[in-house]
$ cat entry-v1.pdb   # PDB, C-alpha atoms and all ligand atoms
ATOM      1  CA  MET A 238      69.640   1.307  71.606
ATOM      2  CA  SER A 239      73.090  -0.033  70.888
ATOM      3  CA  THR A 240      72.971  -3.073  68.657
ATOM      4  CA  THR A 241      76.706  -3.292  67.982
ATOM      5  CA  LEU A 242      79.239  -4.552  70.476
ATOM      6  CA  PRO A 243      82.253  -2.333  71.275
ATOM      7  CA  SER A 244      85.514  -3.858  69.988
ATOM      8  CA  THR A 245      87.013  -3.559  73.480
ATOM      9  CA  LEU A 246      84.800  -4.170  76.511
ATOM     10  CA  THR A 247      85.696  -2.031  79.541
ATOM     11  CA  ILE A 248      84.727  -3.271  82.997
ATOM     12  CA  ALA A 249      84.180  -0.647  85.710
ATOM     13  CA  THR A 250      85.219  -1.911  89.134
ATOM     14  CA  ARG A 251      86.020  -0.695  92.622
ATOM     15  CA  LYS A 252      89.678  -0.981  93.530
ATOM     16  CA  SER A 253      89.501  -3.157  96.645
ATOM     17  CA  ARG A 254      91.325  -6.479  96.332
ATOM     18  CA  LEU A 255      87.981  -8.315  96.348
ATOM     19  CA  ALA A 256      86.419  -6.091  93.664
ATOM     20  CA  LEU A 257      89.513  -6.421  91.467
ATOM     21  CA  TRP A 258      89.474 -10.220  91.835
ATOM     22  CA  GLN A 259      85.833 -10.281  90.778
ATOM     23  CA  ALA A 260      86.349  -7.949  87.801
ATOM     24  CA  ASP A 261      89.423  -9.921  86.760
ATOM     25  CA  HIS A 262      87.403 -13.150  86.960
ATOM     26  CA  ILE A 263      84.739 -11.760  84.604
ATOM     27  CA  GLN A 264      87.472 -10.338  82.348
ATOM     28  CA  GLN A 265      89.009 -13.812  82.039
ATOM     29  CA  ARG A 266      85.673 -15.443  81.304
ATOM     30  CA  LEU A 267      84.930 -12.917  78.554
ATOM     31  CA  GLN A 268      88.453 -13.264  77.143
ATOM     32  CA  ALA A 269      87.960 -17.036  76.999
ATOM     33  CA  LEU A 270      84.957 -16.315  74.759
ATOM     34  CA  GLY A 271      87.203 -14.302  72.430
ATOM     35  CA  HIS A 272      86.480 -10.743  73.633
ATOM     36  CA  THR A 273      89.069  -8.016  74.257
ATOM     37  CA  VAL A 274      88.504  -6.709  77.784
ATOM     38  CA  THR A 275      90.094  -3.993  79.948
ATOM     39  CA  LEU A 276      89.472  -2.879  83.532
ATOM     40  CA  LEU A 277      88.730   0.640  84.794
ATOM     41  CA  GLY A 278      89.362   0.911  88.554
ATOM     42  CA  LEU A 279      87.308   3.559  90.385
ATOM     43  CA  SER A 280      87.156   4.796  93.935
ATOM     44  CA  THR A 281      83.625   4.984  95.417
ATOM     45  CA  VAL A 282      82.224   7.035  98.276
ATOM     46  CA  GLY A 283      81.682   3.807 100.202
ATOM     47  CA  ASP A 284      85.406   3.041  99.967
ATOM     48  CA  GLN A 285      86.322   6.464 101.316
ATOM     49  CA  ILE A 286      84.077   6.381 104.386
ATOM     50  CA  LEU A 287      85.741   3.938 106.722
ATOM     51  CA  ASP A 288      85.006   5.343 110.130
ATOM     52  CA  ARG A 289      81.230   5.011 110.335
ATOM     53  CA  SER A 290      78.821   2.125 110.121
ATOM     54  CA  LEU A 291      77.630   1.897 106.521
ATOM     55  CA  SER A 292      74.010   1.448 107.492
ATOM     56  CA  LYS A 293      74.253   4.922 109.066
ATOM     57  CA  VAL A 294      75.866   6.735 106.159
ATOM     58  CA  GLY A 295      73.864   5.448 103.220
ATOM     59  CA  GLY A 296      74.611   1.790 102.616
ATOM     60  CA  LYS A 297      74.752  -0.065  99.363
ATOM     61  CA  GLY A 298      74.148   2.665  96.853
ATOM     62  CA  LEU A 299      77.484   4.129  97.937
ATOM     63  CA  PHE A 300      79.432   1.347  96.270
ATOM     64  CA  VAL A 301      77.731   1.424  92.886
ATOM     65  CA  LYS A 302      77.007   5.066  91.987
ATOM     66  CA  GLU A 303      80.462   5.917  90.623
ATOM     67  CA  LEU A 304      80.462   2.758  88.559
ATOM     68  CA  GLU A 305      77.062   3.676  87.097
ATOM     69  CA  SER A 306      78.352   7.159  86.232
ATOM     70  CA  ALA A 307      81.224   5.555  84.305
ATOM     71  CA  LEU A 308      78.665   3.509  82.333
ATOM     72  CA  ALA A 309      76.474   6.553  81.670
ATOM     73  CA  ASP A 310      79.544   8.539  80.485
ATOM     74  CA  SER A 311      80.607   5.662  78.199
ATOM     75  CA  LYS A 312      83.907   5.314  80.077
ATOM     76  CA  ALA A 313      83.000   1.678  80.707
ATOM     77  CA  HIS A 314      80.475  -0.804  79.338
ATOM     78  CA  LEU A 315      79.788  -3.126  82.245
ATOM     79  CA  ALA A 316      80.178  -2.985  86.018
ATOM     80  CA  VAL A 317      80.964  -6.067  88.103
ATOM     81  CA  HIS A 318      79.556  -6.040  91.637
ATOM     82  CA  SER A 319      79.174  -8.372  94.587
ATOM     83  CA  LEU A 320      75.450  -8.993  94.125
ATOM     84  CA  LYS A 321      74.970  -8.525  97.865
ATOM     85  CA  ASP A 322      76.028  -4.880  97.490
ATOM     86  CA  VAL A 323      73.728  -4.075  94.573
ATOM     87  CA  PRO A 324      70.640  -2.021  95.501
ATOM     88  CA  MET A 325      67.361  -3.907  95.210
ATOM     89  CA  GLN A 326      66.085  -1.353  92.726
ATOM     90  CA  LEU A 327      68.524  -0.098  90.101
ATOM     91  CA  PRO A 328      68.227   3.482  88.855
ATOM     92  CA  GLU A 329      66.287   4.151  85.649
ATOM     93  CA  GLY A 330      68.352   3.124  82.632
ATOM     94  CA  PHE A 331      70.384   0.383  84.358
ATOM     95  CA  VAL A 332      69.793  -3.342  84.522
ATOM     96  CA  LEU A 333      71.469  -6.525  85.730
ATOM     97  CA  ALA A 334      72.558  -8.139  82.458
ATOM     98  CA  CYS A 335      73.209 -11.458  84.164
ATOM     99  CA  VAL A 336      74.097 -13.284  87.364
ATOM    100  CA  PRO A 337      76.910 -15.872  86.977
ATOM    101  CA  GLU A 338      77.233 -19.062  89.045
ATOM    102  CA  ARG A 339      77.358 -18.423  92.770
ATOM    103  CA  GLY A 340      80.406 -19.176  94.900
ATOM    104  CA  ASN A 341      80.254 -19.956  98.621
ATOM    105  CA  PRO A 342      77.142 -18.265 100.095
ATOM    106  CA  HIS A 343      77.989 -18.923 103.756
ATOM    107  CA  ASP A 344      79.511 -16.874 106.550
ATOM    108  CA  ALA A 345      82.825 -17.776 108.152
ATOM    109  CA  PHE A 346      84.115 -17.727 111.725
ATOM    110  CA  VAL A 347      87.698 -16.458 111.889
ATOM    111  CA  SER A 348      89.815 -16.429 115.025
ATOM    112  CA  ASN A 349      93.428 -16.945 116.051
ATOM    113  CA  ASP A 350      92.508 -18.584 119.355
ATOM    114  CA  TYR A 351      89.228 -20.432 118.949
ATOM    115  CA  LEU A 352      88.142 -23.106 116.492
ATOM    116  CA  ARG A 353      84.399 -22.712 116.827
ATOM    117  CA  LEU A 354      81.831 -20.168 117.952
ATOM    118  CA  GLU A 355      80.932 -22.529 120.823
ATOM    119  CA  ASP A 356      84.504 -22.344 122.135
ATOM    120  CA  LEU A 357      84.428 -18.590 122.805
ATOM    121  CA  PRO A 358      84.325 -17.747 126.513
ATOM    122  CA  PRO A 359      81.248 -15.914 127.839
ATOM    123  CA  GLY A 360      81.278 -12.229 126.941
ATOM    124  CA  ALA A 361      84.028 -12.575 124.297
ATOM    125  CA  VAL A 362      84.245  -9.680 121.828
ATOM    126  CA  VAL A 363      83.251 -10.611 118.275
ATOM    127  CA  GLY A 364      83.479  -8.206 115.344
ATOM    128  CA  THR A 365      81.160  -8.155 112.388
ATOM    129  CA  SER A 366      80.050  -5.653 109.801
ATOM    130  CA  SER A 367      76.370  -6.187 109.233
ATOM    131  CA  LEU A 368      73.188  -5.930 111.263
ATOM    132  CA  ARG A 369      72.168  -9.330 109.930
ATOM    133  CA  ARG A 370      75.258 -11.003 111.377
ATOM    134  CA  GLN A 371      74.948  -9.049 114.625
ATOM    135  CA  VAL A 372      71.354 -10.181 115.107
ATOM    136  CA  LEU A 373      72.006 -13.816 114.119
ATOM    137  CA  LEU A 374      75.141 -14.006 116.288
ATOM    138  CA  HIS A 375      73.206 -12.617 119.218
ATOM    139  CA  HIS A 376      70.571 -15.297 118.633
ATOM    140  CA  LEU A 377      73.241 -18.052 118.676
ATOM    141  CA  ARG A 378      75.253 -16.660 121.603
ATOM    142  CA  PRO A 379      73.367 -13.969 123.562
ATOM    143  CA  ASP A 380      76.301 -13.640 125.980
ATOM    144  CA  LEU A 381      78.809 -12.347 123.396
ATOM    145  CA  THR A 382      79.837  -8.719 123.070
ATOM    146  CA  ILE A 383      79.244  -7.951 119.393
ATOM    147  CA  LYS A 384      81.058  -4.940 118.006
ATOM    148  CA  PRO A 385      80.885  -3.351 114.562
ATOM    149  CA  LEU A 386      83.830  -4.050 112.272
ATOM    150  CA  ARG A 387      84.350  -2.058 109.087
ATOM    151  CA  GLY A 388      86.851  -1.893 106.287
ATOM    152  CA  ASN A 389      87.848  -4.222 103.506
ATOM    153  CA  ILE A 390      88.673  -7.862 104.199
ATOM    154  CA  ASP A 391      92.404  -7.275 104.805
ATOM    155  CA  THR A 392      91.606  -4.455 107.252
ATOM    156  CA  ARG A 393      89.149  -6.640 109.165
ATOM    157  CA  LEU A 394      91.704  -9.444 109.476
ATOM    158  CA  ARG A 395      94.345  -6.952 110.648
ATOM    159  CA  LYS A 396      92.002  -5.691 113.384
ATOM    160  CA  LEU A 397      91.496  -9.307 114.501
ATOM    161  CA  ASP A 398      95.254  -9.938 114.487
ATOM    162  CA  GLU A 399      95.891  -6.763 116.488
ATOM    163  CA  GLY A 400      93.743  -8.242 119.259
ATOM    164  CA  GLU A 401      90.681  -5.980 119.066
ATOM    165  CA  PHE A 402      88.436  -9.030 118.808
ATOM    166  CA  SER A 403      88.472 -12.677 119.926
ATOM    167  CA  ALA A 404      86.862 -13.608 116.608
ATOM    168  CA  ILE A 405      85.289 -12.020 113.551
ATOM    169  CA  VAL A 406      82.514 -13.185 111.214
ATOM    170  CA  LEU A 407      82.599 -12.377 107.501
ATOM    171  CA  ALA A 408      81.596 -13.838 104.150
ATOM    172  CA  ALA A 409      83.447 -17.044 103.236
ATOM    173  CA  ALA A 410      83.320 -16.077  99.531
ATOM    174  CA  GLY A 411      85.389 -12.950 100.087
ATOM    175  CA  LEU A 412      88.086 -14.851 101.988
ATOM    176  CA  GLU A 413      88.185 -17.623  99.402
ATOM    177  CA  ARG A 414      88.485 -15.192  96.503
ATOM    178  CA  LEU A 415      91.491 -13.530  98.139
ATOM    179  CA  GLY A 416      93.171 -16.898  98.797
ATOM    180  CA  LEU A 417      92.574 -16.492 102.528
ATOM    181  CA  GLN A 418      90.503 -19.652 103.069
ATOM    182  CA  ALA A 419      93.134 -20.941 105.522
ATOM    183  CA  ARG A 420      91.923 -18.239 107.959
ATOM    184  CA  ILE A 421      88.463 -19.844 108.161
ATOM    185  CA  ARG A 422      88.122 -21.813 111.403
ATOM    186  CA  MET A 423      84.489 -22.762 110.938
ATOM    187  CA  GLN A 424      81.885 -22.190 108.283
ATOM    188  CA  PHE A 425      78.386 -21.483 109.502
ATOM    189  CA  THR A 426      75.603 -23.596 108.041
ATOM    190  CA  ALA A 427      72.532 -21.805 106.685
ATOM    191  CA  GLU A 428      70.662 -23.179 109.716
ATOM    192  CA  GLN A 429      73.088 -21.437 112.088
ATOM    193  CA  MET A 430      73.499 -18.216 110.158
ATOM    194  CA  LEU A 431      71.259 -17.605 107.167
ATOM    195  CA  PRO A 432      73.169 -15.695 104.461
ATOM    196  CA  ALA A 433      72.270 -12.286 103.042
ATOM    197  CA  ALA A 434      70.365 -11.983  99.762
ATOM    198  CA  GLY A 435      72.810 -12.556  96.911
ATOM    199  CA  GLN A 436      75.750 -13.467  99.136
ATOM    200  CA  GLY A 437      78.517 -15.240  97.227
ATOM    201  CA  ALA A 438      77.158 -14.216  93.804
ATOM    202  CA  LEU A 439      78.209 -11.533  91.323
ATOM    203  CA  GLY A 440      75.960  -9.171  89.404
ATOM    204  CA  ILE A 441      76.898  -7.638  86.076
ATOM    205  CA  GLU A 442      75.277  -4.252  85.526
ATOM    206  CA  VAL A 443      74.906  -2.484  82.182
ATOM    207  CA  GLN A 444      72.803   0.270  80.652
ATOM    208  CA  THR A 445      69.379  -1.048  79.641
ATOM    209  CA  GLN A 446      69.845   0.228  76.074
ATOM    210  CA  GLU A 447      72.926  -1.966  75.439
ATOM    211  CA  SER A 448      71.052  -4.842  73.836
ATOM    212  CA  ALA A 449      74.045  -6.359  72.002
ATOM    213  CA  LEU A 450      76.111  -6.335  75.184
ATOM    214  CA  ILE A 451      73.277  -7.849  77.205
ATOM    215  CA  ALA A 452      72.941 -10.639  74.641
ATOM    216  CA  THR A 453      76.697 -11.293  74.785
ATOM    217  CA  LEU A 454      76.707 -11.455  78.587
ATOM    218  CA  GLN A 455      74.076 -14.212  78.618
ATOM    219  CA  ALA A 456      77.005 -16.593  77.983
ATOM    220  CA  LEU A 457      78.078 -15.939  81.607
ATOM    221  CA  ALA A 458      74.601 -16.338  83.100
ATOM    222  CA  HIS A 459      73.833 -19.229  85.447
ATOM    223  CA  PRO A 460      70.027 -19.550  85.503
ATOM    224  CA  PRO A 461      69.810 -21.573  88.772
ATOM    225  CA  THR A 462      71.816 -18.872  90.587
ATOM    226  CA  TRP A 463      69.963 -16.062  88.853
ATOM    227  CA  LEU A 464      66.531 -17.438  89.864
ATOM    228  CA  ALA A 465      67.619 -18.198  93.449
ATOM    229  CA  THR A 466      69.105 -14.745  93.970
ATOM    230  CA  ALA A 467      66.112 -13.060  92.286
ATOM    231  CA  ALA A 468      63.899 -14.698  94.936
ATOM    232  CA  GLU A 469      66.262 -13.603  97.738
ATOM    233  CA  ARG A 470      66.455 -10.037  96.467
ATOM    234  CA  ALA A 471      62.675  -9.859  96.130
ATOM    235  CA  VAL A 472      62.332 -10.558  99.868
ATOM    236  CA  SER A 473      64.512  -7.575 100.595
ATOM    237  CA  ARG A 474      62.833  -5.351  97.987
ATOM    238  CA  ASN A 475      59.403  -6.128  99.428
ATOM    239  CA  LEU A 476      60.603  -5.146 102.883
ATOM    240  CA  GLY A 477      61.527  -1.733 101.528
ATOM    241  CA  GLY A 478      65.134  -2.576 100.627
ATOM    242  CA  SER A 479      66.029   0.129 103.067
ATOM    243  CA  CYS A 480      68.793   0.987 105.437
ATOM    244  CA  SER A 481      69.395  -0.959 108.631
ATOM    245  CA  VAL A 482      67.087  -3.894 107.958
ATOM    246  CA  PRO A 483      68.605  -6.940 109.682
ATOM    247  CA  LEU A 484      67.432  -9.353 107.023
ATOM    248  CA  ALA A 485      68.679 -12.730 105.802
ATOM    249  CA  ALA A 486      67.314 -14.427 102.661
ATOM    250  CA  HIS A 487      68.710 -17.577 101.129
ATOM    251  CA  ALA A 488      67.310 -19.898  98.462
ATOM    252  CA  VAL A 489      68.409 -23.427  97.524
ATOM    253  CA  TRP A 490      67.110 -25.834  94.903
ATOM    254  CA  SER A 491      65.268 -28.768  96.405
ATOM    255  CA  ALA A 492      67.064 -32.125  96.235
ATOM    256  CA  GLU A 493      63.792 -34.100  96.369
ATOM    257  CA  ALA A 494      61.646 -32.051  94.011
ATOM    258  CA  PRO A 495      63.617 -30.917  90.940
ATOM    259  CA  GLY A 496      62.691 -27.396  89.850
ATOM    260  CA  GLU A 497      61.447 -26.381  93.297
ATOM    261  CA  LEU A 498      63.146 -23.517  95.045
ATOM    262  CA  LEU A 499      63.253 -23.441  98.850
ATOM    263  CA  LEU A 500      63.495 -19.871 100.086
ATOM    264  CA  ARG A 501      64.236 -19.124 103.724
ATOM    265  CA  ALA A 502      64.333 -15.718 105.351
ATOM    266  CA  ALA A 503      64.970 -14.312 108.798
ATOM    267  CA  TRP A 504      64.406 -10.914 110.361
ATOM    268  CA  GLY A 505      65.744  -9.873 113.730
ATOM    269  CA  ASP A 506      64.995  -6.958 115.985
ATOM    270  CA  PRO A 507      68.273  -4.992 116.307
ATOM    271  CA  SER A 508      67.415  -4.012 119.890
ATOM    272  CA  GLY A 509      67.265  -7.722 120.718
ATOM    273  CA  GLN A 510      63.904  -7.403 122.472
ATOM    274  CA  GLN A 511      61.860  -9.344 119.935
ATOM    275  CA  ALA A 512      62.527 -12.999 119.080
ATOM    276  CA  LEU A 513      64.115 -13.838 115.730
ATOM    277  CA  ILE A 514      61.489 -14.361 113.015
ATOM    278  CA  GLN A 515      62.224 -17.227 110.610
ATOM    279  CA  VAL A 516      60.006 -18.183 107.670
ATOM    280  CA  SER A 517      60.254 -20.255 104.492
ATOM    281  CA  ALA A 518      58.366 -21.299 101.367
ATOM    282  CA  CYS A 519      59.008 -23.797  98.567
ATOM    283  CA  LYS A 520      57.637 -23.543  95.031
ATOM    284  CA  ALA A 521      58.295 -24.610  91.439
ATOM    285  CA  VAL A 522      60.245 -21.754  89.845
ATOM    286  CA  ALA A 523      61.318 -21.561  86.196
ATOM    287  CA  GLN A 524      61.228 -17.825  85.491
ATOM    288  CA  ILE A 525      62.333 -14.625  87.168
ATOM    289  CA  ASP A 526      58.772 -13.425  87.805
ATOM    290  CA  GLN A 527      57.980 -16.695  89.614
ATOM    291  CA  ALA A 528      61.124 -16.301  91.721
ATOM    292  CA  GLU A 529      60.109 -12.743  92.590
ATOM    293  CA  GLN A 530      56.608 -13.917  93.466
ATOM    294  CA  LEU A 531      58.096 -16.466  95.892
ATOM    295  CA  GLY A 532      60.206 -13.693  97.409
ATOM    296  CA  ALA A 533      57.143 -11.477  97.815
ATOM    297  CA  GLU A 534      55.274 -14.291  99.606
ATOM    298  CA  VAL A 535      58.139 -14.851 102.018
ATOM    299  CA  ALA A 536      58.403 -11.096 102.664
ATOM    300  CA  GLN A 537      54.686 -11.041 103.484
ATOM    301  CA  GLN A 538      55.173 -13.935 105.917
ATOM    302  CA  LEU A 539      57.893 -11.921 107.676
ATOM    303  CA  LEU A 540      55.627  -8.875 107.907
ATOM    304  CA  ASP A 541      52.706 -10.978 109.167
ATOM    305  CA  ALA A 542      54.992 -12.415 111.846
ATOM    306  CA  GLY A 543      55.923  -8.921 113.039
ATOM    307  CA  ALA A 544      58.998  -7.797 111.094
ATOM    308  CA  HIS A 545      59.332  -4.000 111.135
ATOM    309  CA  VAL A 546      60.078  -2.098 107.989
ATOM    310  CA  GLN A 547      61.728   1.268 108.156
ATOM    311  CA  PRO A 548      60.839   3.666 105.378
ATOM    312  CA  GLU A 549      63.669   4.729 103.099
ATOM    313  CA  THR A 550      65.167   8.098 103.899
ATOM    314  CA  GLU A 551      66.934  10.658 101.763
ATOM    315  CA  GLN A 552      70.269   9.694 103.268
ATOM    316  CA  SER A 553      69.845   6.005 102.777
ATOM    317  CA  PRO A 554      68.539   5.007  99.368
ATOM    318  CA  ASN A 555      68.546   1.205  99.295
ATOM    319  CA  GLY A 556      71.132   1.224 102.021
ATOM    320  CA  ILE A 557      71.420  -2.289 103.323
ATOM    321  CA  HIS A 558      74.852  -3.448 104.234
ATOM    322  CA  GLN A 559      74.801  -7.174 104.770
TER     323      GLN A 559
HETATM  324  N1  LIG A 601      79.596  -6.011 102.170
HETATM  325  C1  LIG A 601      80.945  -6.225 101.801
HETATM  326  C2  LIG A 601      81.077  -7.443 100.991
HETATM  327  N2  LIG A 601      80.469  -7.545  99.795
HETATM  328  C3  LIG A 601      80.731  -8.793  99.303
HETATM  329  C4  LIG A 601      81.524  -9.465 100.202
HETATM  330  C5  LIG A 601      82.036 -10.819 100.064
HETATM  331  C6  LIG A 601      81.466 -11.613  98.917
HETATM  332  C7  LIG A 601      80.009 -11.919  99.088
HETATM  333  O1  LIG A 601      79.491 -11.910 100.213
HETATM  334  O2  LIG A 601      79.370 -12.192  98.064
HETATM  335  C8  LIG A 601      81.764  -8.608 101.278
HETATM  336  C9  LIG A 601      82.574  -8.892 102.478
HETATM  337  C10 LIG A 601      81.791  -9.497 103.602
HETATM  338  O3  LIG A 601      80.578  -9.359 103.651
HETATM  339  O4  LIG A 601      82.419 -10.103 104.485
END
$ encode --input "entry-v1.pdb" --output "structure tokens" --more "lines below"
Ligand SMILES: NCc1[nH]cc(CCC(=O)O)c1CC(=O)O
Amino acid sequence: MSTTLPSTLTIATRKSRLALWQADHIQQRLQALGHTVTLLGLSTVGDQILDRSLSKVGGKGLFVKELESALADSKAHLAVHSLKDVPMQLPEGFVLACVPERGNPHDAFVSNDYLRLEDLPPGAVVGTSSLRRQVLLHHLRPDLTIKPLRGNIDTRLRKLDEGEFSAIVLAAAGLERLGLQARIRMQFTAEQMLPAAGQGALGIEVQTQESALIATLQALAHPPTWLATAAERAVSRNLGGSCSVPLAAHAVWSAEAPGELLLRAAWGDPSGQQALIQVSACKAVAQIDQAEQLGAEVAQQLLDAGAHVQPETEQSPNGIHQ
């Protein structure tokens, strides 16, 4: 148990432009509170494997393991992640200290030739990096040729510009954080393309024993985001949180009933043979356990409606890439 705060806080981060923006953002927020903060940039296995679909090689865990090792070895005190990339179940000894306010949770349509998804000609080639987007795109436009697209955001845009695709679909938050919002032609609504659990939010991971640090980080917490994303992540966790689950889960606070969280989820059959399953539930939520209960109910609705869950394998602990 560490009840004293280190005089300098070190943030472990991946070295992609997006990860560095996010770590820098948290560094600035902590500095504004009077803390001394440095960054430790690390290269993860997920960053090194660029030629295969992530859902095939092990998914999410790949982006966080090296950062967790740095925490365990006391080389860093906190790790800043895109919440979407954080496994549903953290390893023993690690915990999410807080979830700050969410940015844009939606997906974006990016193209040099077309303004909207509807404008694409039949059969046009569209690139995207997650099973969720593939399945939801197929639902919107069954005629399109959807191809996997990997790499960091700059790489994906380069592949679009080189003419490999007529359009690509990626997270609006990533583009906005890199100052690339001008590339967005159209933003999907949640009705058109339901976001992934945690999309647009950050998660700050620490060692469970660091009680003073956890207390300090509560200053960055945004309870409405934390509760909403806890519900979303619980849907995924209850479906096994495993590799290659084409799952969307998105929660918003009700405008009519203050304190009620509306959680929607969708599951699609990757082979395209089964219709898209879409479910929702709305409940008063004030605490994390209530949010997780709502998520569990929505997960059960998906299962009852025929969603398939694949068991986790050795190669793919928690490996969803969404
Ligand atoms: N999986 C990669 C990843 N992780 C977080 C973001 C963007 C920020 C976010 O979605 O919160 C992205 C890029 C993308 O999905 O297009």
$ residues_near_ligand --input "entry-v1.pdb" --ligand "ligand LIG 601 (chain A)" --cutoff "7 Å" --atoms "only C-alpha atoms and all ligand atoms" --output "ChimeraX atom specification"
/A:319-322,342,390,407-408,410-411,435-439,558-559
$ residues_around --input "entry-v1.pdb" --residues "Met430 (chain A)" --least-positions-apart "6" --cutoff "8 Å" --atoms "all atoms listed in the file" --output "list of chain:residue names"
A:His343, A:Asp344, A:Arg370, A:Leu373, A:Leu374
$ closest_residue --input "entry-v1.pdb" --among "A:Asn349, A:Gln264, A:Gln371, A:Gln259" --to "Leu513 (chain A)" --atoms "all atoms listed in the file"
A:Gln371
$ resolve_selection --input "entry-v1.pdb" --expression "the PyMOL selection byres (((chain A and resi 360) around 10) and not hetatm)" --output "PDB file with C-alpha atoms, in the frame of the given file"
ATOM      1  CA  LEU A 357      84.428 -18.590 122.805  1.00  0.00           C
ATOM      2  CA  PRO A 358      84.325 -17.747 126.513  1.00  0.00           C
ATOM      3  CA  PRO A 359      81.248 -15.914 127.839  1.00  0.00           C
ATOM      4  CA  ALA A 361      84.028 -12.575 124.297  1.00  0.00           C
ATOM      5  CA  VAL A 362      84.245  -9.680 121.828  1.00  0.00           C
ATOM      6  CA  VAL A 363      83.251 -10.611 118.275  1.00  0.00           C
ATOM      7  CA  ARG A 378      75.253 -16.660 121.603  1.00  0.00           C
ATOM      8  CA  PRO A 379      73.367 -13.969 123.562  1.00  0.00           C
ATOM      9  CA  ASP A 380      76.301 -13.640 125.980  1.00  0.00           C
ATOM     10  CA  LEU A 381      78.809 -12.347 123.396  1.00  0.00           C
ATOM     11  CA  THR A 382      79.837  -8.719 123.070  1.00  0.00           C
ATOM     12  CA  ILE A 383      79.244  -7.951 119.393  1.00  0.00           C
TER      13      ILE A 383
END
$ residues_around --input "entry-v1.pdb" --residues "Ala313 (chain A)" --least-positions-apart "6" --cutoff "6 Å" --atoms "all atoms listed in the file" --output "JSON, numbers by chain"
{"A": [247, 248, 249, 307]}
$ closest_residue --input "entry-v1.pdb" --among "A:Ala419, A:Ala434, A:Val347, A:Ala494" --to "Leu394 (chain A)" --atoms "all atoms listed in the file"
A:Val347
$ atom_distance --input "entry-v1.pdb" --atom1 "CA of Glu303 (chain A)" --atom2 "CA of Thr445 (chain A)"
17.1 Å
$ closest_residue --input "entry-v1.pdb" --among "A:Val406, A:Ser448, A:Trp258, A:Ala471" --to "Gln537 (chain A)" --atoms "only C-alpha atoms"
A:Ala471
$ atom_distance --input "entry-v1.pdb" --atom1 "CA of Leu454 (chain A)" --atom2 "CA of Gln268 (chain A)"
12.0 Å
$ atom_distance --input "entry-v1.pdb" --atom1 "CA of Ala468 (chain A)" --atom2 "CA of Val522 (chain A)"
9.4 Å
$ build_atoms --input "entry-v1.pdb" --residues "region 412-423 of chain A" --atoms "N, CA and C atoms" --output "compact mmCIF listing (two decimals), in the frame of the given file"
# COMPACT_ATOMS: atom_id res chain seq x y z
N LEU A 412 86.81 -14.27 101.54
CA LEU A 412 88.09 -14.85 101.99
C LEU A 412 88.62 -15.81 100.94
N GLU A 413 87.75 -16.64 100.40
CA GLU A 413 88.18 -17.62 99.40
C GLU A 413 88.72 -16.94 98.15
N ARG A 414 88.04 -15.88 97.73
CA ARG A 414 88.48 -15.19 96.50
C ARG A 414 89.86 -14.56 96.69
N LEU A 415 90.18 -14.15 97.90
CA LEU A 415 91.49 -13.53 98.14
C LEU A 415 92.55 -14.56 98.54
N GLY A 416 92.21 -15.85 98.44
CA GLY A 416 93.17 -16.90 98.80
C GLY A 416 93.39 -16.99 100.29
N LEU A 417 92.42 -16.52 101.08
CA LEU A 417 92.57 -16.49 102.53
C LEU A 417 91.72 -17.56 103.22
N GLN A 418 91.39 -18.64 102.48
CA GLN A 418 90.50 -19.65 103.07
C GLN A 418 91.12 -20.34 104.27
N ALA A 419 92.47 -20.31 104.36
CA ALA A 419 93.13 -20.94 105.52
C ALA A 419 92.79 -20.21 106.82
N ARG A 420 92.29 -18.98 106.74
CA ARG A 420 91.92 -18.24 107.96
C ARG A 420 90.58 -18.71 108.52
N ILE A 421 89.80 -19.43 107.71
CA ILE A 421 88.46 -19.84 108.16
C ILE A 421 88.60 -20.98 109.18
N ARG A 422 88.10 -20.77 110.37
CA ARG A 422 88.12 -21.81 111.40
C ARG A 422 86.87 -22.68 111.31
N MET A 423 85.76 -22.05 111.00
CA MET A 423 84.49 -22.76 110.94
C MET A 423 83.58 -22.03 109.98
